[in-house]
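Raw contents of work_11.tsv, TSV, C-alpha atoms:
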```tsv
chain	number	residue	atom	x	y	z
A	1	MET	CA	5.18	102.67	104.92
A	2	THR	CA	8.05	100.36	105.82
A	3	THR	CA	11.13	99.88	103.68
A	4	HIS	CA	9.94	96.40	102.69
A	5	VAL	CA	6.72	97.69	101.15
A	6	ARG	CA	8.35	100.52	99.21
A	7	HIS	CA	8.54	99.85	95.46
A	8	LEU	CA	6.47	96.68	95.92
A	9	ARG	CA	3.72	97.71	93.48
A	10	GLY	CA	6.17	98.63	90.72
A	11	LEU	CA	8.14	95.46	91.31
A	12	THR	CA	4.99	93.32	91.14
A	13	ILE	CA	3.95	94.86	87.83
A	14	ALA	CA	7.48	94.49	86.41
A	15	THR	CA	7.52	90.83	87.49
A	16	ALA	CA	4.13	90.07	85.93
A	17	VAL	CA	5.12	91.77	82.66
A	18	MET	CA	8.51	90.06	82.56
A	19	LEU	CA	6.99	86.62	83.27
A	20	THR	CA	4.47	87.10	80.44
A	21	VAL	CA	7.14	88.33	78.01
A	22	SER	CA	9.51	85.50	78.87
A	23	LEU	CA	6.80	82.84	78.47
A	24	ALA	CA	5.86	84.33	75.08
A	25	LEU	CA	9.52	84.33	74.01
A	26	VAL	CA	10.04	80.76	75.21
A	27	PHE	CA	7.04	79.29	73.44
A	28	PHE	CA	6.62	81.51	70.37
A	29	TYR	CA	10.03	82.99	69.60
A	30	ALA	CA	12.80	80.60	70.61
A	31	PRO	CA	13.27	77.83	68.04
A	32	LEU	CA	12.99	74.16	68.85
A	33	ASP	CA	16.24	72.54	69.89
A	34	ALA	CA	17.69	70.37	67.12
A	35	GLU	CA	18.58	67.52	69.48
A	36	GLN	CA	15.98	67.63	72.21
A	37	GLY	CA	13.03	69.19	70.43
A	38	PHE	CA	10.13	70.48	72.50
A	39	ILE	CA	11.40	68.99	75.82
A	40	GLN	CA	14.17	71.60	75.84
A	41	LYS	CA	11.52	74.24	76.72
A	42	ILE	CA	11.68	72.89	80.28
A	43	PHE	CA	15.19	74.35	80.52
A	44	TYR	CA	13.79	77.88	80.37
A	45	ILE	CA	12.11	77.30	83.72
A	46	HIS	CA	14.38	74.70	85.32
A	47	VAL	CA	17.73	76.45	84.85
A	48	PRO	CA	16.60	79.94	86.00
A	49	LEU	CA	14.91	78.38	89.06
A	50	ALA	CA	18.11	76.51	89.90
A	51	ILE	CA	20.37	79.55	89.34
A	52	VAL	CA	18.13	81.93	91.30
A	53	SER	CA	17.72	79.46	94.18
A	54	LEU	CA	21.50	79.00	94.48
A	55	ALA	CA	21.97	82.78	94.32
A	56	GLY	CA	19.27	83.11	97.00
A	57	PHE	CA	21.10	80.72	99.32
A	58	THR	CA	24.31	82.70	98.84
A	59	LEU	CA	22.42	85.96	99.38
A	60	GLY	CA	21.13	84.55	102.68
A	61	GLY	CA	24.78	84.12	103.71
A	62	VAL	CA	25.64	87.69	102.66
A	63	PHE	CA	22.72	89.01	104.74
A	64	GLY	CA	23.96	86.81	107.59
A	65	VAL	CA	27.33	88.60	107.42
A	66	ALA	CA	25.52	91.95	107.50
A	67	TYR	CA	23.57	90.82	110.58
A	68	LEU	CA	26.69	89.73	112.45
A	69	ARG	CA	28.45	92.98	111.56
A	70	THR	CA	25.61	95.34	112.50
A	71	GLY	CA	23.43	93.33	114.90
A	72	ARG	CA	20.35	94.83	113.24
A	73	ARG	CA	17.35	92.50	113.16
A	74	GLU	CA	16.25	93.47	109.65
A	75	TRP	CA	19.33	91.71	108.24
A	76	ASP	CA	18.29	88.55	110.05
A	77	MET	CA	14.83	88.95	108.53
A	78	ARG	CA	16.35	89.39	105.06
A	79	SER	CA	18.59	86.37	105.52
A	80	TYR	CA	15.68	84.23	106.73
A	81	CYS	CA	13.38	85.30	103.89
A	82	ALA	CA	16.08	84.83	101.22
A	83	ILE	CA	16.76	81.27	102.36
A	84	HIS	CA	13.03	80.55	102.76
A	85	MET	CA	12.27	81.69	99.19
A	86	ALA	CA	15.40	80.05	97.76
A	87	LEU	CA	14.27	76.74	99.24
A	88	ILE	CA	10.87	77.02	97.55
A	89	PHE	CA	12.51	77.92	94.23
A	90	ALA	CA	14.99	75.07	94.63
A	91	VAL	CA	12.19	72.54	95.09
A	92	GLY	CA	10.52	73.96	91.97
A	93	GLY	CA	13.80	73.68	90.03
A	94	LEU	CA	14.32	70.14	91.27
A	95	LEU	CA	10.82	69.04	90.22
A	96	ALA	CA	11.12	70.69	86.80
A	97	GLY	CA	14.54	69.07	86.31
A	98	SER	CA	13.18	65.73	87.35
A	99	ILE	CA	10.38	65.97	84.79
A	100	TRP	CA	12.93	66.87	82.12
A	101	ALA	CA	15.13	63.91	83.15
A	102	LYS	CA	12.18	61.53	82.83
A	103	ALA	CA	11.38	62.87	79.36
A	104	SER	CA	14.98	62.94	78.18
A	105	TRP	CA	16.78	60.12	80.03
A	106	GLY	CA	13.80	57.95	80.92
A	107	HIS	CA	14.50	58.26	84.67
A	108	TRP	CA	13.16	60.71	87.23
A	109	TRP	CA	16.53	60.75	88.99
A	110	VAL	CA	20.08	59.62	88.19
A	111	TRP	CA	22.21	59.07	91.29
A	112	SER	CA	25.47	58.90	89.33
A	113	GLU	CA	25.06	62.46	88.04
A	114	PRO	CA	27.12	64.92	90.17
A	115	THR	CA	25.09	68.02	89.19
A	116	LEU	CA	21.84	66.49	90.43
A	117	VAL	CA	23.22	64.95	93.61
A	118	SER	CA	25.16	68.08	94.61
A	119	TYR	CA	22.06	70.21	94.08
A	120	LEU	CA	20.07	67.81	96.25
A	121	ILE	CA	22.76	68.02	98.95
A	122	VAL	CA	22.53	71.83	98.91
A	123	ILE	CA	18.73	71.65	99.23
A	124	LEU	CA	18.88	69.11	102.07
A	125	LEU	CA	21.49	71.24	103.81
A	126	PHE	CA	19.25	74.29	103.72
A	127	CYS	CA	16.25	72.17	104.78
A	128	THR	CA	17.93	72.01	108.20
A	129	TYR	CA	18.02	75.82	108.51
A	130	GLN	CA	14.45	76.18	109.76
A	131	PRO	CA	14.60	73.27	112.26
A	132	LEU	CA	17.84	74.78	113.58
A	133	ARG	CA	16.18	78.13	114.16
A	134	PHE	CA	13.09	76.45	115.58
A	135	SER	CA	15.19	74.60	118.15
A	136	ILE	CA	16.51	77.87	119.65
A	137	GLU	CA	14.06	79.77	121.84
A	138	ASP	CA	16.02	82.94	122.57
A	139	PRO	CA	15.49	85.28	119.55
A	140	GLU	CA	18.96	86.82	119.87
A	141	ARG	CA	20.73	83.48	119.84
A	142	GLN	CA	18.39	82.20	117.15
A	143	ALA	CA	19.36	85.10	114.87
A	144	ARG	CA	23.09	84.71	115.60
A	145	TYR	CA	23.21	80.95	115.06
A	146	GLY	CA	20.99	81.31	111.99
A	147	ALA	CA	23.42	83.88	110.55
A	148	VAL	CA	26.43	81.62	111.17
A	149	PHE	CA	24.64	78.71	109.50
A	150	ALA	CA	23.63	80.92	106.55
A	151	ILE	CA	27.21	82.14	106.08
A	152	VAL	CA	28.84	78.69	106.23
A	153	CYS	CA	26.27	77.04	103.98
A	154	GLY	CA	26.07	80.10	101.72
A	155	ALA	CA	29.83	79.83	101.16
A	156	PHE	CA	29.42	76.13	100.43
A	157	VAL	CA	27.09	76.85	97.50
A	158	PRO	CA	29.59	78.51	95.08
A	159	ILE	CA	32.37	76.10	96.14
A	160	ASN	CA	30.09	73.17	95.44
A	161	PHE	CA	29.08	74.68	92.09
A	162	ILE	CA	32.71	75.16	91.00
A	163	VAL	CA	33.70	71.64	92.08
A	164	VAL	CA	30.85	70.12	90.10
A	165	ARG	CA	31.76	72.24	87.09
A	166	LEU	CA	35.32	70.92	87.25
A	167	SER	CA	33.99	67.38	87.26
A	168	THR	CA	34.36	65.76	83.87
A	169	GLN	CA	31.96	62.87	84.19
A	170	PHE	CA	28.54	64.26	83.69
A	171	LEU	CA	25.41	63.69	81.67
A	172	HIS	CA	23.71	66.91	82.63
A	173	PRO	CA	23.86	69.47	79.78
A	174	ARG	CA	25.76	72.73	80.31
A	175	VAL	CA	23.56	75.64	79.27
A	176	LEU	CA	26.05	78.36	80.19
A	177	ASN	CA	29.82	78.53	80.35
A	178	LEU	CA	32.52	81.20	80.51
A	179	GLU	CA	32.35	81.71	76.72
A	180	GLY	CA	28.65	82.57	76.98
A	181	GLY	CA	27.23	79.11	76.42
A	182	ASN	CA	26.28	77.20	73.30
A	183	LEU	CA	22.84	78.70	72.78
A	184	PRO	CA	21.95	80.52	69.55
A	185	GLY	CA	20.90	84.18	69.83
A	186	SER	CA	17.12	83.69	69.91
A	187	MET	CA	17.38	80.96	72.56
A	188	LYS	CA	19.77	83.11	74.55
A	189	LEU	CA	17.28	86.00	74.54
A	190	ALA	CA	14.48	83.70	75.75
A	191	PHE	CA	16.75	82.18	78.38
A	192	TYR	CA	18.02	85.49	79.78
A	193	SER	CA	14.50	86.96	79.85
A	194	SER	CA	13.34	83.87	81.80
A	195	LEU	CA	16.27	84.27	84.16
A	196	LEU	CA	15.39	87.93	84.70
A	197	ALA	CA	11.70	87.08	85.21
A	198	ILE	CA	12.48	84.41	87.81
A	199	ALA	CA	14.98	86.71	89.56
A	200	LEU	CA	12.32	89.43	89.69
A	201	LEU	CA	9.77	86.91	91.00
A	202	PHE	CA	12.21	85.89	93.72
A	203	THR	CA	12.80	89.52	94.74
A	204	THR	CA	9.07	90.34	94.73
A	205	LEU	CA	8.03	87.30	96.76
A	206	MET	CA	10.88	87.85	99.19
A	207	LYS	CA	9.79	91.44	99.70
A	208	TYR	CA	6.16	90.32	100.20
A	209	GLU	CA	7.31	87.75	102.73
A	210	MET	CA	9.32	90.39	104.61
A	211	ALA	CA	6.41	92.84	104.49
A	212	ALA	CA	4.03	90.19	105.88
A	213	LYS	CA	6.41	89.31	108.70
A	214	GLN	CA	7.11	92.96	109.50
A	215	THR	CA	3.36	93.72	109.59
A	216	ARG	CA	2.85	90.79	111.97
A	217	ILE	CA	5.57	92.11	114.29
A	218	GLU	CA	4.16	95.65	114.17
A	219	THR	CA	0.60	94.45	114.84
A	220	ARG	CA	1.87	92.61	117.88
A	221	ARG	CA	3.71	95.70	119.05
A	222	LEU	CA	0.53	97.74	118.58
A	223	ARG	CA	-1.49	95.25	120.61
A	224	ARG	CA	1.04	95.46	123.42
A	225	ARG	CA	0.89	99.28	123.42
A	226	LEU	CA	-2.90	99.28	123.39
A	227	LEU	CA	-3.67	96.52	125.82
A	228	GLY	CA	-0.48	95.80	127.69
A	229	ASP	CA	1.60	92.64	127.89
A	230	ASP	CA	-1.26	90.55	129.32
A	231	ALA	CA	-3.30	90.87	126.12
A	232	LEU	CA	-0.61	89.19	124.05
A	233	ARG	CA	-1.06	85.56	123.33
A	234	PRO	CA	2.12	83.60	124.07
A	235	LEU	CA	4.24	83.53	120.92
A	236	GLY	CA	5.37	79.96	121.14
A	237	ARG	CA	8.38	78.78	119.23
A	238	SER	CA	8.92	80.01	115.72
A	239	ALA	CA	11.68	79.59	113.18
A	240	ALA	CA	10.94	83.04	111.78
A	241	PRO	CA	12.43	86.22	113.28
A	242	GLN	CA	10.09	87.72	115.88
B	1	MET	CA	-0.58	90.54	68.42
B	2	ILE	CA	-2.49	88.45	65.87
B	3	THR	CA	0.35	88.88	63.36
B	4	LEU	CA	2.83	87.83	66.01
B	5	PHE	CA	0.89	84.66	66.80
B	6	ALA	CA	0.43	83.95	63.08
B	7	GLN	CA	4.19	84.06	62.58
B	8	ALA	CA	4.92	82.05	65.71
B	9	PRO	CA	5.89	78.42	65.18
B	10	ALA	CA	3.25	75.80	65.97
B	11	LEU	CA	3.95	74.01	69.23
B	12	PRO	CA	4.52	70.26	68.80
B	13	LEU	CA	2.40	69.37	71.79
B	14	HIS	CA	1.88	65.77	70.70
B	15	ALA	CA	5.54	64.81	71.28
B	16	ALA	CA	6.66	65.95	74.72
B	17	GLY	CA	3.79	68.26	75.52
B	18	LYS	CA	2.79	66.48	78.73
B	19	TYR	CA	6.29	66.80	80.21
B	20	VAL	CA	6.67	70.47	79.31
B	21	ALA	CA	3.14	71.21	80.53
B	22	GLY	CA	3.90	69.24	83.71
B	23	ALA	CA	7.03	71.26	84.48
B	24	TYR	CA	5.29	74.60	83.96
B	25	ILE	CA	2.14	73.50	85.83
B	26	VAL	CA	4.28	72.45	88.82
B	27	PHE	CA	5.84	75.92	88.82
B	28	ILE	CA	2.48	77.70	88.55
B	29	LEU	CA	0.92	75.43	91.21
B	30	MET	CA	3.73	76.22	93.64
B	31	LEU	CA	3.23	79.91	92.97
B	32	VAL	CA	-0.54	79.65	93.50
B	33	VAL	CA	-0.14	77.66	96.74
B	34	TYR	CA	2.40	80.18	98.03
B	35	LEU	CA	0.15	83.12	97.14
B	36	GLY	CA	-2.77	81.30	98.83
B	37	ILE	CA	-0.77	80.95	102.05
B	38	MET	CA	0.21	84.62	101.85
B	39	ALA	CA	-3.44	85.62	101.30
B	40	ARG	CA	-4.50	83.59	104.36
B	41	ARG	CA	-1.84	85.26	106.48
B	42	LEU	CA	-2.89	88.67	105.19
B	43	HIS	CA	-6.52	87.89	106.05
B	44	GLY	CA	-5.48	86.94	109.61
B	45	ASN	CA	-3.51	90.14	109.94
B	46	GLN	CA	-6.38	92.26	108.67
B	47	ALA	CA	-8.73	90.59	111.18
B	48	GLU	CA	-6.32	91.35	114.02
B	49	ILE	CA	-5.94	94.98	112.96
B	50	GLN	CA	-9.75	95.28	112.74
B	51	GLU	CA	-10.05	93.83	116.25
B	52	LEU	CA	-7.49	96.32	117.57
B	53	LYS	CA	-9.31	99.17	115.81
B	54	LEU	CA	-12.60	98.20	117.48
B	55	LEU	CA	-10.90	97.98	120.87
B	56	LEU	CA	-9.35	101.40	120.37
B	57	GLU	CA	-12.70	102.93	119.37
B	58	GLU	CA	-14.34	101.36	122.42
B	59	ARG	CA	-11.65	102.77	124.68
B	60	GLU	CA	-11.93	106.24	123.13
B	61	ARG	CA	-15.73	106.13	123.60
B	62	GLN	CA	-15.34	105.20	127.27
B	63	GLU	CA	-12.80	107.98	127.79
B	64	ALA	CA	-15.11	110.53	126.12
B	65	THR	CA	-18.03	109.44	128.36
B	66	ALA	CA	-15.82	109.73	131.42
B	67	ARG	CA	-14.75	113.24	130.38
B	68	GLN	CA	-18.38	114.26	129.86
B	69	ARG	CA	-19.35	112.97	133.30
B	70	LEU	CA	-16.50	114.77	135.02
B	71	PRO	CA	-17.73	118.39	134.35
B	72	ASP	CA	-21.29	117.35	135.37
B	73	SER	CA	-20.12	116.07	138.74
B	74	GLU	CA	-18.02	119.25	139.21
B	75	GLN	CA	-21.16	121.40	138.58
B	76	VAL	CA	-23.14	119.40	141.17
B	77	ALA	CA	-20.35	119.91	143.70
```
Before we go any further, please render this structure as structure tokens.
Amino acid sequence: MTTHVRHLRGLTIATAVMLTVSLALVFFYAPLDAEQGFIQKIFYIHVPLAIVSLAGFTLGGVFGVAYLRTGRREWDMRSYCAIHMALIFAVGGLLAGSIWAKASWGHWWVWSEPTLVSYLIVILLFCTYQPLRFSIEDPERQARYGAVFAIVCGAFVPINFIVVRLSTQFLHPRVLNLEGGNLPGSMKLAFYSSLLAIALLFTTLMKYEMAAKQTRIETRRLRRRLLGDDALRPLGRSAAPQ
Amino acid sequence: MITLFAQAPALPLHAAGKYVAGAYIVFILMLVVYLGIMARRLHGNQAEIQELKLLLEERERQEATARQRLPDSEQVA
């Protein structure tokens, strides 16, 4: 059993339980928001998706540092999978936020809102990660350049977040702040359980992704050992670590 | 569970229900699509492992036959 697969069953069960509990808390425990009413329930999915995706991008950078320091390919795999999953979560967060904006502001998108535009910039930035990797054929160089990209862009994420927070002209509500946010206790419980559930989902899916990729690599290795190099189909270019 | 649901507030689905449902459906759809892709990849991997297993069995059978033939030819000699 590889390191990626270890604890996967327990993690999957914990994620499923946590998702169920958080959905129950969101819809049946947390009270309706006095200002926004039922639409505010979107926040329990939108905000955790956004937070976890941004954390995932940063994590990709941290794994990139580990790859450059050690030169071990599993860190490249971790970095790739973290950014891959973070991108999916970010698109989910963006869509959920857009639906909320339509319901609350009457527009799917507001270009004058720094929080939205900066988040879009981060997503577009990380959309170039896979094409960058795809454009490099040599796996060693691909991993190294990918790590450098992940570190630079990963560092950009918290800087961008702080800069937007310092901005005074915004429409976008602030759910959390340094004083703990303006949510009442029951809403806070629902929100943090959602955040935990989404973070667990991210970890589980990332581990599944890594396990799938690792299995693919090992199957290929097995084929080579059994049948020799001639039996291997040419790999072709791939953005994923090989 | 029934008591819990009885005490739970009724959801005002008439007001913004479609937006809230939309946001959560988008999330669940993305999850389902992703899991579908993962399942397809897993299926491909299983097929490849099965193919390798069959090839290995075939090779082992051939080697066993060759080993059986070898003592026979030695006896004849």
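Atom to atom, CA of Ala34 in chain A and CA of Leu95 in chain A stand 24.1 Å apart.
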Residues of chain B within 6 Å of chain A, all atoms listed in the file counted, as a tab-separated table (two decimals) with C-alpha atoms, in the coordinates of the input:
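Final output, out06.tsv:
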```tsv
chain	number	residue	atom	x	y	z
B	8	ALA	CA	4.92	82.05	65.71
B	16	ALA	CA	6.66	65.95	74.72
B	20	VAL	CA	6.67	70.47	79.31
B	23	ALA	CA	7.03	71.26	84.48
B	27	PHE	CA	5.84	75.92	88.82
```
Centre and edges of the range 29-38 of chain B box, axis-aligned, 8 Å extra per side, as lines of an AutoDock Vina configuration file:
```
center_x = 0.5
center_y = 80.0
center_z = 96.6
size_x = 22.5
size_y = 25.2
size_z = 26.8
```
Check your understanding: So which one's closest to Pro131 in chain A, A:Gly64, A:Ile159, A:Tyr145, A:Trp105? Using all atoms listed in the file, please.
Key ->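 Among the listed residues, A:Tyr145 lies closest to Pro131 in chain A.
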Review point. Nearest to Gln242 in chain A: which of A:Ala143, A:Cys153, A:Leu189, A:Val117 is it, counting only C-alpha atoms?
Key: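 Under the stated criterion, the closest residue is A:Ala143.
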Point to revise | Interatomic distance, CA of Ala66 in chain A to CA of Ala147 in chain A (Å, one decimal) | key: 8.9 Å
**Study point:** Nearest candidate to Ile198 in chain A (options B:Leu31, B:Gly17, B:His43, B:Ile25; using all atoms listed in the file)
**Key:**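 Result for the nearest residue to Ile198 in chain A: B:Leu31.
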Check your understanding: How many Å separate CA of Ala239 in chain A from CA of Phe149 in chain A?
Key ->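 Taking CA of Ala239 in chain A and CA of Phe149 in chain A, their separation equals 13.5 Å.
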Review point. Excluding same-chain residues fewer than 3 positions from Leu55 in chain B, what lies within 12 Å of it counting all atoms listed in the file, as a list in words?
Key: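 In the requested format, the answer is Leu222, Arg223, Leu226, Leu227 and Ala231 of chain A; Glu48, Ile49, Gln50, Glu51, Leu52, Glu58, Arg59, Glu60, Arg61 and Gln62 of chain B.
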Practice item. Might you pull out every residue within 7 Å of Met77 in chain A, with all atoms listed in the file counted and same-chain residues fewer than 4 positions away left off, and present them as a PyMOL selection string? Key: chain A and resi 73+81+210+241
Exercise for review: Using all atoms listed in the file, determine which residues lie at most 12 Å from range 132-136 of chain A, disregarding the query and same-chain residues fewer than 3 positions distant; provide the list as a PyMOL selection string.
Suggested key: chain A and resi 76+80+125-129+139-150+236-242
